[in-house]
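Asks: My structure is in entry22.txt, and what it holds is compact mmCIF, C-alpha atoms:
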```
# COMPACT_ATOMS: atom_id res chain seq x y z
CA ILE A 27 0.00 0.00 0.00
CA PRO A 28 1.72 3.22 -1.13
CA GLU A 29 2.53 6.07 1.21
CA GLY A 30 -0.24 8.64 1.30
CA HIS A 31 -3.04 6.09 0.91
CA GLU A 32 -5.71 6.19 3.61
CA HIS A 33 -4.94 2.57 4.51
CA HIS A 34 -1.16 2.94 4.46
CA HIS A 35 -1.03 1.74 8.07
CA LEU A 36 -2.13 -1.72 6.84
CA ARG A 37 0.80 -2.00 4.41
CA HIS A 38 2.42 -4.86 6.38
CA SER A 39 -0.68 -7.06 6.32
CA HIS A 40 -2.58 -6.05 3.16
CA VAL A 41 -1.94 -5.55 -0.56
CA LEU A 42 -4.02 -3.72 -3.16
CA GLN A 43 -5.13 -5.11 -6.50
CA LEU A 44 -5.02 -2.57 -9.33
CA LEU A 45 -8.17 -2.52 -11.43
CA ARG A 46 -6.51 -0.47 -14.16
CA PRO A 47 -2.83 -0.27 -15.26
CA ILE A 48 -0.98 2.88 -14.27
CA TYR A 49 1.52 4.60 -16.56
CA GLY A 50 5.06 3.93 -15.43
CA LEU A 51 4.56 0.47 -13.96
CA LYS A 52 6.65 -2.42 -15.30
CA GLN A 53 3.65 -4.17 -16.86
CA ALA A 54 1.98 -1.02 -18.23
CA GLY A 55 3.61 -1.24 -21.67
CA ARG A 56 2.72 -4.91 -22.10
CA LEU A 57 -0.88 -4.38 -21.00
CA TRP A 58 -1.27 -1.42 -23.37
CA ASN A 59 0.12 -3.48 -26.26
CA GLN A 60 -2.36 -6.26 -25.50
CA ARG A 61 -5.22 -3.72 -25.46
CA LEU A 62 -4.17 -2.11 -28.75
CA HIS A 63 -3.57 -5.51 -30.37
CA ALA A 64 -7.05 -6.67 -29.38
CA ALA A 65 -8.58 -3.51 -30.85
CA LEU A 66 -6.77 -3.84 -34.19
CA VAL A 67 -7.68 -7.54 -34.45
CA LYS A 68 -11.28 -6.63 -33.68
CA PHE A 69 -11.17 -4.21 -36.62
CA GLY A 70 -10.12 -7.11 -38.85
CA MET A 71 -6.37 -6.57 -39.04
CA ARG A 72 -3.70 -9.19 -38.48
CA ARG A 73 -0.21 -8.87 -37.04
CA THR A 74 2.53 -9.75 -39.50
CA ILE A 75 4.98 -12.54 -38.79
CA VAL A 76 8.08 -10.57 -39.80
CA ASP A 77 7.31 -7.58 -37.55
CA GLU A 78 5.00 -7.66 -34.53
CA CYS A 79 4.60 -3.88 -34.73
CA LEU A 80 3.14 -4.07 -38.25
CA TYR A 81 -0.53 -4.84 -38.96
CA VAL A 82 -2.28 -5.32 -42.31
CA LEU A 83 -5.89 -5.51 -43.44
CA ASN A 84 -6.48 -7.92 -46.31
CA THR A 85 -9.71 -7.90 -48.31
CA ASP A 86 -10.82 -9.32 -51.64
CA GLU A 87 -9.31 -6.18 -53.19
CA GLY A 88 -5.89 -6.92 -51.67
CA ILE A 89 -4.09 -5.08 -48.85
CA GLU A 90 -6.24 -2.03 -48.09
CA LEU A 91 -4.64 -0.86 -44.86
CA ILE A 92 -1.21 -1.02 -43.21
CA VAL A 93 -0.59 0.17 -39.64
CA GLY A 94 2.80 0.50 -37.95
CA ILE A 95 2.79 1.03 -34.18
CA HIS A 96 5.30 2.33 -31.67
CA VAL A 97 3.82 2.32 -28.15
CA ASP A 98 0.82 4.64 -28.65
CA ASP A 99 1.90 6.23 -31.94
CA LEU A 100 0.40 4.77 -35.12
CA ALA A 101 1.51 5.37 -38.71
CA CYS A 102 -1.21 4.28 -41.14
CA THR A 103 -1.49 4.06 -44.90
CA GLY A 104 -4.30 2.74 -47.07
CA THR A 105 -7.41 3.72 -48.97
CA ASP A 106 -9.24 6.85 -47.83
CA ALA A 107 -12.34 4.82 -46.99
CA LYS A 108 -10.48 2.35 -44.76
CA LEU A 109 -8.49 5.10 -43.06
CA ALA A 110 -11.72 6.94 -42.21
CA LYS A 111 -13.27 3.74 -40.82
CA LEU A 112 -10.19 3.01 -38.72
CA ASP A 113 -10.16 6.55 -37.34
CA LYS A 114 -13.83 6.29 -36.35
CA PHE A 115 -13.31 2.83 -34.86
CA LEU A 116 -10.30 3.81 -32.74
CA ASN A 117 -12.04 6.90 -31.39
CA THR A 118 -15.01 4.73 -30.41
CA GLU A 119 -12.74 2.08 -28.90
CA PHE A 120 -10.62 4.56 -26.94
CA ASP A 121 -13.21 7.19 -25.95
CA ASN A 122 -12.40 9.84 -28.58
CA THR A 123 -8.75 10.14 -27.55
CA VAL A 124 -7.25 9.37 -30.98
CA VAL A 125 -5.84 12.37 -32.87
CA SER A 126 -5.45 11.66 -36.58
CA GLY A 127 -4.13 13.56 -39.58
CA PRO A 128 -1.46 13.50 -42.28
CA LEU A 129 1.81 11.90 -41.17
CA GLU A 130 4.30 14.68 -40.43
CA TRP A 131 6.53 13.31 -37.62
CA PHE A 132 7.14 9.74 -36.51
CA LEU A 133 9.99 8.55 -34.27
CA GLY A 134 11.96 11.73 -34.93
CA VAL A 135 11.59 11.52 -38.71
CA LYS A 136 9.91 14.37 -40.61
CA TYR A 137 7.69 13.36 -43.51
CA ASP A 138 6.60 15.58 -46.39
CA TYR A 139 4.03 13.98 -48.66
CA ASN A 140 2.50 15.38 -51.83
CA ARG A 141 -0.84 13.66 -52.44
CA VAL A 142 -1.04 15.05 -55.97
CA THR A 143 2.30 13.73 -57.25
CA GLY A 144 2.64 10.83 -54.80
CA GLU A 145 6.09 12.04 -53.71
CA LEU A 146 7.32 11.34 -50.18
CA TRP A 147 10.37 12.89 -48.52
CA ALA A 148 11.69 11.69 -45.15
CA SER A 149 14.45 13.57 -43.33
CA GLN A 150 15.95 14.11 -39.86
CA ALA A 151 17.36 17.63 -40.00
CA GLY A 152 16.10 18.30 -36.47
CA TYR A 153 17.92 15.26 -35.14
CA VAL A 154 21.14 16.36 -36.89
CA ASP A 155 20.88 19.73 -35.13
CA GLN A 156 20.44 18.00 -31.77
CA LEU A 157 23.38 15.72 -32.50
CA CYS A 158 25.66 18.66 -33.35
CA GLU A 159 24.61 20.43 -30.16
CA ARG A 160 25.30 17.28 -28.15
CA PHE A 161 28.81 17.05 -29.53
CA SER A 162 29.71 20.67 -29.06
CA PRO A 163 32.42 21.91 -29.35
CA HIS A 164 33.70 19.07 -31.58
CA LEU A 165 31.25 19.85 -34.38
CA ASP A 166 30.90 23.60 -33.84
CA ASN A 167 33.37 24.96 -36.37
CA VAL A 168 33.89 22.00 -38.69
CA LYS A 169 34.11 22.72 -42.40
CA PRO A 170 31.52 21.00 -44.61
CA VAL A 171 32.91 18.12 -46.66
CA ALA A 172 31.53 16.55 -49.83
CA THR A 173 31.93 12.89 -48.82
CA PRO A 174 31.51 10.98 -45.54
CA GLN A 175 34.95 9.35 -45.91
CA ALA A 176 38.24 10.82 -47.01
CA PRO A 177 39.25 8.95 -50.20
CA ASP A 178 42.98 9.06 -49.38
CA VAL A 179 42.75 7.81 -45.77
CA GLU A 180 43.09 4.15 -44.81
CA LEU A 181 42.24 3.10 -41.27
CA SER A 182 43.81 0.15 -39.48
CA LYS A 183 44.44 -1.28 -36.02
CA GLU A 184 48.03 -0.08 -36.27
CA GLN A 185 46.63 3.43 -35.65
CA SER A 186 45.25 2.36 -32.27
CA PRO A 187 46.79 3.92 -29.14
CA SER A 188 50.14 2.37 -28.20
CA THR A 189 51.63 4.79 -25.66
CA GLU A 190 50.28 5.84 -22.27
CA GLN A 191 49.68 9.37 -23.57
CA GLU A 192 47.70 8.08 -26.56
CA ILE A 193 45.66 5.73 -24.38
CA GLU A 194 44.85 8.56 -21.97
CA ALA A 195 43.85 10.86 -24.83
CA ALA A 196 41.57 8.19 -26.31
CA ARG A 197 39.63 8.00 -23.05
CA HIS A 198 38.32 11.49 -23.76
CA TYR A 199 37.11 10.67 -27.27
CA ARG A 200 33.32 10.23 -27.35
CA PHE A 201 33.77 7.72 -30.15
CA LEU A 202 31.11 5.15 -29.25
CA GLU A 203 28.56 7.83 -28.39
CA LEU A 204 28.96 9.64 -31.71
CA LEU A 205 29.07 6.36 -33.60
CA GLY A 206 25.74 5.35 -32.07
CA GLY A 207 24.22 8.76 -32.82
CA LEU A 208 25.18 8.52 -36.47
CA ARG A 209 23.99 4.92 -36.66
CA TRP A 210 20.51 6.09 -35.67
CA LEU A 211 20.56 8.36 -38.71
CA ALA A 212 21.90 5.65 -41.00
CA ASP A 213 19.23 3.19 -39.88
CA LYS A 214 16.40 5.62 -40.68
CA THR A 215 17.04 8.07 -43.52
CA ARG A 216 20.77 8.36 -44.25
CA LEU A 217 21.76 5.21 -46.05
CA ASP A 218 24.80 7.02 -47.45
CA LEU A 219 26.42 6.79 -44.00
CA ARG A 220 26.26 3.01 -43.69
CA PRO A 221 29.51 1.98 -45.47
CA GLY A 222 31.63 4.48 -43.53
CA LEU A 223 30.04 3.64 -40.19
CA SER A 224 30.49 -0.08 -40.79
CA ALA A 225 34.19 0.51 -41.43
CA LEU A 226 34.58 2.63 -38.29
CA ALA A 227 32.62 0.20 -36.12
CA LYS A 228 35.50 -2.29 -36.52
CA PHE A 229 37.57 -0.07 -34.22
CA SER A 230 34.99 0.24 -31.44
CA HIS A 231 37.38 -1.40 -28.95
CA CYS A 232 40.67 0.04 -30.19
CA TYR A 233 39.97 3.52 -31.54
CA GLY A 234 42.67 6.15 -31.64
CA LYS A 235 43.02 9.71 -32.92
CA ALA A 236 42.90 8.68 -36.60
CA HIS A 237 39.62 6.84 -36.06
CA TRP A 238 38.18 9.71 -34.00
CA ASP A 239 39.16 12.22 -36.71
CA ALA A 240 37.49 10.03 -39.36
CA LEU A 241 34.30 9.92 -37.29
CA LEU A 242 34.35 13.69 -36.80
CA ARG A 243 34.70 14.08 -40.56
CA MET A 244 31.52 12.05 -40.94
CA GLY A 245 29.87 14.35 -38.43
CA ALA A 246 31.00 17.34 -40.49
CA TYR A 247 29.54 15.70 -43.61
CA VAL A 248 26.20 15.15 -41.88
CA LYS A 249 26.13 18.72 -40.57
CA GLY A 250 26.66 20.08 -44.08
CA THR A 251 24.00 17.80 -45.57
CA ARG A 252 21.42 17.99 -42.78
CA GLU A 253 18.47 18.28 -45.18
CA ARG A 254 19.23 15.06 -47.04
CA GLY A 255 17.05 12.03 -46.56
CA LEU A 256 14.95 9.46 -48.38
CA TYR A 257 12.82 10.22 -51.42
CA THR A 258 10.26 7.97 -53.07
CA ARG A 259 7.37 8.39 -55.46
CA ALA A 260 4.29 6.29 -56.15
CA ASP A 261 3.97 4.63 -59.54
CA PRO A 262 1.95 6.78 -61.98
```
Could you express the structure from this file as structure tokens?

Replies:
Amino acid sequence: IPEGHEHHHLRHSHVLQLLRPIYGLKQAGRLWNQRLHAALVKFGMRRTIVDECLYVLNTDEGIELIVGIHVDDLACTGTDAKLAKLDKFLNTEFDNTVVSGPLEWFLGVKYDYNRVTGELWASQAGYVDQLCERFSPHLDNVKPVATPQAPDVELSKEQSPSTEQEIEAARHYRFLELLGGLRWLADKTRLDLRPGLSALAKFSHCYGKAHWDALLRMGAYVKGTRERGLYTRADP
């Protein structure tokens, strides 16, 4: 029995049974997922085998609705009629708490969609700005570069720290932190970073100044190309 409850004095002999999950408890996320899953299945959707966060609605006309979920955020695509029905259903199921509209932001990715031309642009310029701020002053005054990797630089384990001074200096490099930050970009919208990051990841346990400088160069490249992302267009 939590402190502040009127029966707190019975805490050593009694327990309380929750009738409704409370945000922040260990089981809250699981219980919410079960509730949302039940609602989507009730609507007629099925969870895919390859990704448990992806649901599809199959009809005689084919796949008419696709829903991706992340906790309580849903990204939906499908026919206008099915999207309208899903919106009405969810608001009925969850007491008019569902806010719907065109997809603009999802998991830190900004989406710009042109319904007329069928063009979709996904970018993470805001995340790049946050990343540069996080790694200030390292990325404050870097010069923009045209490529993520220097064409004339070869990295190897021989460039790893070998003296006490080099080992001490390497302790202050935020190599793994910046590598992880750039990997988040590469996994979402910046596929051009993947080859360079894969090469640098080989030195995660033995990075030295040469490896740190190569990673900072990639940060400079990202800073100068912050608006880049993924582009796709529907078939005419």

Asks: Contacts of region 127-134 of chain A at 8 Å or less, counting all atoms listed in the file, minus same-chain residues fewer than 2 places along, as a PyMOL selection string?

Replies: chain A and resi 99+101+125+136-138+150+152-153

Asks: Name all residues at most 7 Å from region 173-184 of chain A (count all atoms listed in the file; drop same-chain ones fewer than 4 positions away) and give them as JSON, numbers by chain.

Replies: {"A": [219, 222, 237, 243, 244, 247]}

Asks: To one decimal in Å, tell me the separation between CA of Glu90 (chain A) and CA of Ala110 (chain A).

Replies: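 Those two atoms sit 12.0 Å apart.
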
Asks: Between A:Ala151, A:Leu204, A:Val124, A:Leu217, which residue has the minimum interatomic distance to Thr251 (chain A), considering all atoms listed in the file?

Replies: A:Ala151

Asks: Give me, please, the distance in Å between CA of Gly70 (chain A) and CA of Arg56 (chain A), quoted to one decimal.

Replies: 21.2 Å
